[in-house]
Structures are given as structure tokens and as C-alpha cells.
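Asks: The structure that follows is given in the form of C-alpha cells.
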Amino acid sequence: MSIVLTPMEETITLEPTEVWLSNPPVTESDAATPIWYRELQEKSWERFKELPVPTRTNQHWRFADLKMIRFADLASAASASDSASLIARATANRPADFAAHFVFANNRLIHSEIVDLPAGAICLPLNEALAAHGDLVRGHFLQETQTLGGDKFAALHGAATLSGLFVHFPKGCVSEKPILVHHFSGGEGQLTFPHTLVVAEDNAAVSVVDVFESITVSEQTLTVGVVDLTADRGGRIQYVSLQNLSDNGAKHVQINNTRAGRDAAVKVGFINLGAAWVRNESLNRMTDTGADCQIFSANLANGIQEYDQRTLQSHEAQHTTSDLFFKNALYNKSRTIFSGLIHVKPGAHHTDSFQTCRNLLGSEEAEANSMPGLEIDADQVKCSHGSTSGQISDEEIFYLQARGIPADDARKIISLGFLNESIEKLEGDELKAYLFAAVERKFTHLDESA
Amino acid sequence: MSQSLKIENLHATVDGIEILKGLTLEVPKGEVHAIMGPNGSGKSTLSKVMAGHEDYTVTAGSVMLDDINLLELEIDERSRAGFFLAFQYPHEIPGVSNANFLRAARQARLPKGEEVDAVAFYKEMYLKMDELGMDRKFTGRSVNEGFSGGEKKRNEILQMMMLEPKYAVLDETDSGLDIDALKVVAEGVNTMRSPERGFLIITHYQRLLDYIVPDVVHVMFDGRIIKTGGKDLALELEEKGYDWVTKELVPA
Ligand SMILES: Nc1ncnc2c1ncn2[C@@H]1O[C@H](COP(=O)(O)OP(=O)(O)O)[C@@H](O)[C@H]1O
Ligand SMILES: [Mg+2]
């Protein structure tokens, strides 16, 4: 049986007038990089130049506001000046229990703390890992060839990245505490290329949290980040991205590639609060029997923010399971785009796959686009997908008001609860409280009439 | 100063249809009154009108909470003025934990700039949950979501205990409760009985009134109170059935 539900092609062509980069935005590094890496950089740069600029006729960019991406005058970021205050910001407000904490500012490591890493675990900035564990990095670094539309960005990333963390947990190595990674970006027209590479070998368990913040409030910056997650047999990975960049100027592209092997379990969470424009691509492959991927997202958009999320749940073996649960709360003139495909490949029998996107519209001008998709080429498959958009129910507001809570507060509490339903599905009470508090802070400052 | 919850000649409509047709009733502070009546007589309508639900339009009459005209207040102001309604069908609030919900309700009662003392709050909440036989894990669960009927009703009583209203209306809090849960709920109400507080207990069955003994019983039918008496009236009603009310008490 095969069911294909893909969105119709759009007819409008939007010719980009933007000038894309003409020189590779290379970050300098003290550590020596292996030859294969330099070759990969060059190949990526060639590929970047060859690939067409995305347009809305490409179904992966349907509904996207491509005017948001301007490459003119962008350059790889220079060092940030005030490391001390950034370190203070990153350490002031973090979950109390963590395994390690790394802080990057404009692609450069400015702080690291290792508190409680299990023996055998490798946790190094990418440039150091390339020098010290080149072969280990090579096997997992930018291996994914499929794309959800962001191939030009992925190529640019490959040409430039030397930033972010390499986390390798060998067989049986387990830590329940998260590894925290802060990525600051700042400076007018600056590009950052954070890479997060996480490998959980057989029966290893690891949790990594990336936090993205701006150095100052109103600079045009662009993040072009890639996250590679690999969980081997029985391995468990939890990866969370808390994107809290400035909504005045910051653009953020993050491409996630997940590969779950036999009986492996991967949880991925995207929390988007900041940035003017965000593109999340989440490609999740369940490559062997028993693999499970769970993808959650909680996004709070206001003003003219645009969050564009594209996902793939790719079932490539029997008895694989996945669950996607995305929530958007929208205010003012914000926009969200969700496009998700469940693909059950031939032979991936006995698959369970679910996909839900819910939008809470806090304003009549906000716009939520949902494009769920299903393609099933196997038997004995349980699949469902659904998306809903609606406003806060009057009965819910009434119930809170009847307990003395003013209507405006009631709306915020209910919206926060709506987003929290997605956060709740992650592991770690402290981490969840940290994420919840970040969402709550944005609600406190939310000006619904802005 | 008045010391009662006083409903006078209350008329209310929903979708243009009159449901309350001149209802008059007074619960003095310190007393427990019961309202009994057949399904559809307007008991829940009365309670929701008092709480301020927007589906209902008051066309005449007044509701006074001591010296405050309840009908002039916003929904949340009524609650903060000391009015409490335990709902017949409590709503579910996904993603909002019971603890955060109660804390927000308490926070709303504090002057600006003052914060709920979290430690004292949890201590008090746990104590009251113990009294109601509620498991601690309820604090982290979403308000009423996935709760059984009985758990929802206990949760309403917990809220009442935490908010300490001047006047509480309980709308069929007994329906759907087994006898043990009923006793727990009744115990919760009884410990809150005080000269400083009035209760209006809406119920379809006499059973609850074995455990919460009322000072006065009112019989409601077709949007009005048609008979008022002592606690024995409930027994008489139970014995003779609601047919007796409709056939003999309603003036032709
Ligand atoms: N929100 C509503 N919309 C329409 N009709 C309603 C609504 N609430 C109550 N009613 C009607 O009002 C009447 C009284 O209902 P209710 O107050 O629930 O009675 P009781 O609680 O005594 O069983 C019923 O006929 C019911 O259908
Ligand atoms: Mg009723």
C-alpha cells in the first residue's frame, strides 16, 4: 500500500535578489585540522556555490518568507569582546545539575566546565576534537546526504564550521545529567556556524542542550548550524535546542540529522522563543529494528517573528516507532510553518508513527501553516497525523477567572500550559523547569498589542 | 453591614430562554443551606450566574455578597471578593499543573509586588491534600486532566480549602462519588464550617446531607425556590420523590 500526500507546488516564483557569499567564511583555529576535513570544507564550498538559491517553488520552501535571508555583507564572526559578561550570563541561569558546560561566543570557545562526566566520555569543542580524535569525528560528521531543503545552508556550514561541541559516549557510558552548550552570536552582519555532534554507542545514554542567545539586542546575525545525532544499539540521546536569540535582527538556521539504530531511542526538542526568522529542519531516520525517535517542539512567536519547521520521520526498518508533537503559540503578526512527512519505507512493517502539530492563535493577524504528510510503503503500520489551529477556549479562561485569576493572566497561564505539554515530554525535571522558566519569561514580556 | 449571600428576584436567560424566573434566597454567614431540585430546574444555571459565566444574561434581580453587588464585578473579582463555586463539571486545563494553578490563584489575592511564599504554600497545600486523601503527585499533574470524576470533585474542594472563601456554592459535588469519597468531601466542608462562612450546597440526592447537615433546605423547580424548610425537608423529598414537588408544591 502506498499513500502519498504531498503539498501542491506553488506557481509563484520568487527570484532572489540577494547576493550570496562569494568567499568561504572561514573561522581561524589554532588547532591543526585533518586533511579530510579541509577537503570536506573545499568540497562543501564548491557545492554551496553550485546549489541554487531556494525559492518558494521548491516545496521545501513553500510558504517561507525568503526575503528574510539576506546574505549580502555577511561575514564570519569576529571574536566577541566582552567574554566575562557572556560567561556570567550563561552561568547565572542554568539548571543546577549538569555534567558539563561549554560557552561559545561567535564560534569561539570562551568557557568550559566539566563537572561530572562518566569515564570514557569525550566532550570537546569541534576544532580540538578534529585535532585529537579526527577519525572518530569523521565517521559521524555531516554524513547525511538527504535534505529537507536546506542543502545550500548545510554546504555553507560544511565549508565553515569549527565551532560547537563533539560529544562521544562509548559503549555503556551513561550520564543522566545534561551537557550544556551556550552559543552567543553578535556583531552586525556576523555569521556563526555551531556544530553539535553527539554519538551514543551501544547502550550509552547522553543528554545535550544547546542554548542560542544574542550578544546584544539589535544586530543582524545569521546562525547556520547543523546537529548530527547518532545512537547505536540500545543507545539513548536527548538533544534540546533552546533558541532565545534577539527577535530584532537575528536569523537562525538549524539542520538536525538524527540516526537511531537498533533499539536506540532519541528525543529531540526545539524550543523557539527568539530570533526574527528561524528555519528548523529535523530529519529523523530510524535505521534498524526497534529504533524510536520522539521530536517535540514548543514555539512562542510574537511581533513579526517567523518560525519555519520542516520534519521527516523516516522509518527504514521493522518495528520502529516515532512520535512528533509540535506546538506553536502565536501572537501579533507572527507566522509559523510546519511541514512534516512520515515516511514508512518498503519493508518497514509493524511501524508506529504519529505526528501532531497544534497551533494556538492569540491574534487574528497571526498565521499558522501546517502541511502534514504521510507516505506508507509497508504493511501492519499504525500511523496518524493531525494538525489543529484554534484559540484559547473561553471555558478554560472562565475556570481560571472563577478562581480569582485576572483574564489576561489566565490567557498567559493557559498558553504557557499549552506549550508546556510539549516540554513535559522531555526527560529531566530540572531541565524541564529551566525550559519552562525561559518560556514563562518571554510571556512576562509579551506585549500582545505590539 | 449585611452578613449574607442574598439572592433577590433573580431572572436569567440563556440564548433568550428564561431559566431563572425570580429566584429569592438568603444564606446568612455561618449557615449551611441546601438546594434540591430535579434535573433541569436551573440549579447549575444559578451557580454559574453567580460566578459570572458569560453564557447567561441576568435580566432582573440582584446577588449581594455581604454589601457587595456581585453582579457588577468581573468573574475574577467575584472570586477575590470571597465567592467560590465548586463546579459540577470542572474544566481541564492541559499543561497547567495543579500547583501552579493554585499558586496563581493565591498570587492574584496578594497586593502588587508581594510574592507567594513558596515553602509555606506547599506545606499548606500538602496538609490539605492529606486531609482530602489526595496523592502528592496531583500537584504536578495538569489541572483536572485525566482525573476521574471523584478526583475532580476532591480537587474542587482542595481549591476551596486553599482559597478560603466567605461564601461557597457546591454544585452537585456529591454526584459520581462513592461513599468513601463522599465522606472525605463532606469532612472537608465540615472542617470549613464556621460562623464566618456560608455554604450553599446544591444536590440532587439527600445522601450528601447525611454527612453535611444543613440548617435550611430549599426546593427548586423551574427557576424558582418553591419550598423552604429544615433539614427534614430533604428526607421528605427523598421519600416522596420529585413528583411530589412538581404535582403538589407547584402552584397551578
Ligand atoms: N449554556 C446553556 N445553553 C443552553 N441551555 C442551557 C445552558 N445552561 C443551561 N441550559 C438549560 O437550562 C435548563 C436548566 O439547566 P441547569 O441549570 O443545568 O439545571 P440543573 O443544574 O438544575 O440540572 C436546562 O433546560 C438546560 O438545558
Ligand atoms: Mg446541574
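Labels for the C-alpha cells follow display order: chains A, B, ..., residues from 1 in each chain, ligands from 1.
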Near chain A, which residues of chain B fall within 10 Å when you count only C-alpha atoms, and what do they look like as a VMD selection string?
Replies: chain B and resid 48 51 to 54 74 to 87 90 to 97 100 to 102 104 to 109 142 159 to 160 163
Asks: Mind dumping a table of every chain B residue within 12 Å of ligand 1, with the nearest atom pair and its distance in Å to one decimal, using only C-alpha atoms and all ligand atoms, sorted by chain and rising number, as a Markdown table?
Replies:
| residue | atom | partner | partner_atom_place_in_ligand_line | distance |
| --- | --- | --- | --- | --- |
| B:Ala12 | CA | ligand 1 | 12 (O) | 9.9 |
| B:Thr13 | CA | ligand 1 | 12 (O) | 8.4 |
| B:Val14 | CA | ligand 1 | 4 (C) | 5.7 |
| B:Asp15 | CA | ligand 1 | 4 (C) | 6.3 |
| B:Gly16 | CA | ligand 1 | 4 (C) | 9.3 |
| B:Ile17 | CA | ligand 1 | 5 (N) | 7.9 |
| B:Glu18 | CA | ligand 1 | 12 (O) | 8.1 |
| B:Ile19 | CA | ligand 1 | 12 (O) | 5.5 |
| B:Leu20 | CA | ligand 1 | 14 (C) | 8.3 |
| B:Lys21 | CA | ligand 1 | 14 (C) | 11.3 |
| B:Ile35 | CA | ligand 1 | 22 (O) | 9.6 |
| B:Met36 | CA | ligand 1 | 22 (O) | 8.5 |
| B:Gly37 | CA | ligand 1 | 22 (O) | 6.4 |
| B:Pro38 | CA | ligand 1 | 22 (O) | 6.2 |
| B:Asn39 | CA | ligand 1 | 23 (O) | 3.6 |
| B:Gly40 | CA | ligand 1 | 19 (O) | 3.5 |
| B:Ser41 | CA | ligand 1 | 22 (O) | 4.0 |
| B:Gly42 | CA | ligand 1 | 17 (O) | 3.3 |
| B:Lys43 | CA | ligand 1 | 22 (O) | 3.7 |
| B:Ser44 | CA | ligand 1 | 21 (O) | 3.6 |
| B:Thr45 | CA | ligand 1 | 17 (O) | 3.6 |
| B:Leu46 | CA | ligand 1 | 17 (O) | 6.5 |
| B:Ser47 | CA | ligand 1 | 17 (O) | 8.0 |
| B:Lys48 | CA | ligand 1 | 17 (O) | 8.3 |
| B:Val49 | CA | ligand 1 | 17 (O) | 9.6 |
| B:Met50 | CA | ligand 1 | 17 (O) | 12.0 |
| B:His53 | CA | ligand 1 | 1 (N) | 9.0 |
| B:Glu54 | CA | ligand 1 | 1 (N) | 9.0 |
| B:Asp55 | CA | ligand 1 | 1 (N) | 5.7 |
| B:Tyr56 | CA | ligand 1 | 1 (N) | 7.1 |
| B:Thr57 | CA | ligand 1 | 1 (N) | 10.6 |
| B:Phe87 | CA | ligand 1 | 21 (O) | 10.6 |
| B:Gln88 | CA | ligand 1 | 21 (O) | 8.3 |
| B:Tyr89 | CA | ligand 1 | 18 (O) | 10.5 |
| B:Leu170 | CA | ligand 1 | 21 (O) | 11.4 |
| B:Asp171 | CA | ligand 1 | 21 (O) | 7.8 |
| B:Glu172 | CA | ligand 1 | 21 (O) | 8.2 |
| B:Thr173 | CA | ligand 1 | 21 (O) | 11.7 |
| B:Ser175 | CA | ligand 1 | 21 (O) | 11.7 |
| B:Ile202 | CA | ligand 1 | 21 (O) | 8.5 |
| B:Thr203 | CA | ligand 1 | 21 (O) | 9.0 |
| B:His204 | CA | ligand 1 | 22 (O) | 8.3 |
| B:Val219 | CA | ligand 1 | 22 (O) | 10.8 |
| B:Met220 | CA | ligand 1 | 22 (O) | 8.0 |
| B:Phe221 | CA | ligand 1 | 22 (O) | 8.0 |
| B:Asp222 | CA | ligand 1 | 14 (C) | 8.0 |
| B:Gly223 | CA | ligand 1 | 14 (C) | 7.8 |
| B:Arg224 | CA | ligand 1 | 22 (O) | 10.6 |
| B:Ile225 | CA | ligand 1 | 22 (O) | 11.6 |
Asks: For the structure I just gave you, how does DSSP split range 1-206 of chain B - specifically, which residues are alpha helix (DSSP H)? Reply as a VMD selection string.
Replies: chain B and resid 43 to 51 75 to 80 98 to 107 118 to 131 149 to 163 179 to 192
Asks: Taking C-alpha atoms for each residue, export the selection above as a PDB file, in the first residue's frame.
Replies:
ATOM      1  CA  LYS B  43     -29.503  24.803  39.772  1.00  0.00           C
ATOM      2  CA  SER B  44     -26.294  24.925  37.750  1.00  0.00           C
ATOM      3  CA  THR B  45     -27.573  27.994  35.947  1.00  0.00           C
ATOM      4  CA  LEU B  46     -27.993  29.736  39.295  1.00  0.00           C
ATOM      5  CA  SER B  47     -24.446  28.846  40.333  1.00  0.00           C
ATOM      6  CA  LYS B  48     -22.910  29.962  37.040  1.00  0.00           C
ATOM      7  CA  VAL B  49     -24.864  33.204  37.020  1.00  0.00           C
ATOM      8  CA  MET B  50     -23.405  33.955  40.438  1.00  0.00           C
ATOM      9  CA  ALA B  51     -19.902  33.099  39.197  1.00  0.00           C
ATOM     10  CA  ILE B  75     -15.585  36.979  37.196  1.00  0.00           C
ATOM     11  CA  ASP B  76     -12.175  37.098  38.864  1.00  0.00           C
ATOM     12  CA  GLU B  77     -13.191  39.980  41.128  1.00  0.00           C
ATOM     13  CA  ARG B  78     -16.108  37.926  42.430  1.00  0.00           C
ATOM     14  CA  SER B  79     -13.721  35.175  43.428  1.00  0.00           C
ATOM     15  CA  ARG B  80     -11.355  37.587  45.119  1.00  0.00           C
ATOM     16  CA  ASN B  98      -2.351  21.935  39.819  1.00  0.00           C
ATOM     17  CA  ALA B  99       0.317  23.556  41.972  1.00  0.00           C
ATOM     18  CA  ASN B 100       0.974  26.392  39.528  1.00  0.00           C
ATOM     19  CA  PHE B 101      -2.730  26.955  39.113  1.00  0.00           C
ATOM     20  CA  LEU B 102      -3.388  27.227  42.846  1.00  0.00           C
ATOM     21  CA  ARG B 103      -0.347  29.387  43.282  1.00  0.00           C
ATOM     22  CA  ALA B 104      -1.556  31.787  40.598  1.00  0.00           C
ATOM     23  CA  ALA B 105      -4.943  31.947  42.325  1.00  0.00           C
ATOM     24  CA  ARG B 106      -3.241  32.785  45.617  1.00  0.00           C
ATOM     25  CA  GLN B 107      -0.892  35.234  43.918  1.00  0.00           C
ATOM     26  CA  ALA B 118       6.549  29.051  48.074  1.00  0.00           C
ATOM     27  CA  VAL B 119       7.646  26.972  51.060  1.00  0.00           C
ATOM     28  CA  ALA B 120       4.647  27.892  53.197  1.00  0.00           C
ATOM     29  CA  PHE B 121       2.352  27.451  50.209  1.00  0.00           C
ATOM     30  CA  TYR B 122       3.495  23.895  49.509  1.00  0.00           C
ATOM     31  CA  LYS B 123       3.347  22.990  53.180  1.00  0.00           C
ATOM     32  CA  GLU B 124      -0.223  24.201  53.420  1.00  0.00           C
ATOM     33  CA  MET B 125      -1.251  22.549  50.177  1.00  0.00           C
ATOM     34  CA  TYR B 126       0.241  19.188  51.191  1.00  0.00           C
ATOM     35  CA  LEU B 127      -1.521  19.354  54.531  1.00  0.00           C
ATOM     36  CA  LYS B 128      -4.882  19.978  52.887  1.00  0.00           C
ATOM     37  CA  MET B 129      -4.259  17.316  50.276  1.00  0.00           C
ATOM     38  CA  ASP B 130      -3.571  14.866  53.076  1.00  0.00           C
ATOM     39  CA  GLU B 131      -6.898  15.750  54.650  1.00  0.00           C
ATOM     40  CA  GLY B 149     -14.923  12.175  38.419  1.00  0.00           C
ATOM     41  CA  GLY B 150     -14.145  11.751  42.110  1.00  0.00           C
ATOM     42  CA  GLU B 151     -10.651  13.210  41.750  1.00  0.00           C
ATOM     43  CA  LYS B 152     -12.049  16.278  40.030  1.00  0.00           C
ATOM     44  CA  LYS B 153     -14.505  16.847  42.857  1.00  0.00           C
ATOM     45  CA  ARG B 154     -11.816  16.480  45.508  1.00  0.00           C
ATOM     46  CA  ASN B 155      -9.752  18.930  43.555  1.00  0.00           C
ATOM     47  CA  GLU B 156     -12.591  21.452  43.690  1.00  0.00           C
ATOM     48  CA  ILE B 157     -12.725  21.038  47.457  1.00  0.00           C
ATOM     49  CA  LEU B 158      -8.941  21.443  47.678  1.00  0.00           C
ATOM     50  CA  GLN B 159      -9.250  24.726  45.804  1.00  0.00           C
ATOM     51  CA  MET B 160     -11.985  25.836  48.169  1.00  0.00           C
ATOM     52  CA  MET B 161      -9.818  24.981  51.163  1.00  0.00           C
ATOM     53  CA  MET B 162      -6.854  26.880  49.719  1.00  0.00           C
ATOM     54  CA  LEU B 163      -8.857  29.973  48.757  1.00  0.00           C
ATOM     55  CA  ILE B 179     -19.422   6.629  49.707  1.00  0.00           C
ATOM     56  CA  ASP B 180     -15.805   6.938  50.893  1.00  0.00           C
ATOM     57  CA  ALA B 181     -15.075   9.871  48.625  1.00  0.00           C
ATOM     58  CA  LEU B 182     -18.346  11.438  49.704  1.00  0.00           C
ATOM     59  CA  LYS B 183     -17.309  11.207  53.347  1.00  0.00           C
ATOM     60  CA  VAL B 184     -13.929  12.772  52.596  1.00  0.00           C
ATOM     61  CA  VAL B 185     -15.528  15.650  50.722  1.00  0.00           C
ATOM     62  CA  ALA B 186     -18.130  16.157  53.456  1.00  0.00           C
ATOM     63  CA  GLU B 187     -15.379  16.159  56.058  1.00  0.00           C
ATOM     64  CA  GLY B 188     -13.578  18.841  54.057  1.00  0.00           C
ATOM     65  CA  VAL B 189     -16.680  21.008  54.051  1.00  0.00           C
ATOM     66  CA  ASN B 190     -17.448  20.368  57.723  1.00  0.00           C
ATOM     67  CA  THR B 191     -13.983  21.438  58.841  1.00  0.00           C
ATOM     68  CA  MET B 192     -14.523  24.679  56.943  1.00  0.00           C
TER      69      MET B 192
END
Asks: Skipping near chain neighbours, those fewer than 2 positions away, what residues fall within 12 Å of Ala231 in chain A using only C-alpha atoms, listed as an MDAnalysis selection string?
Replies: chainID A and resid 140 167:172 197:207 228:229 233:239 257:267 284:288 291:293
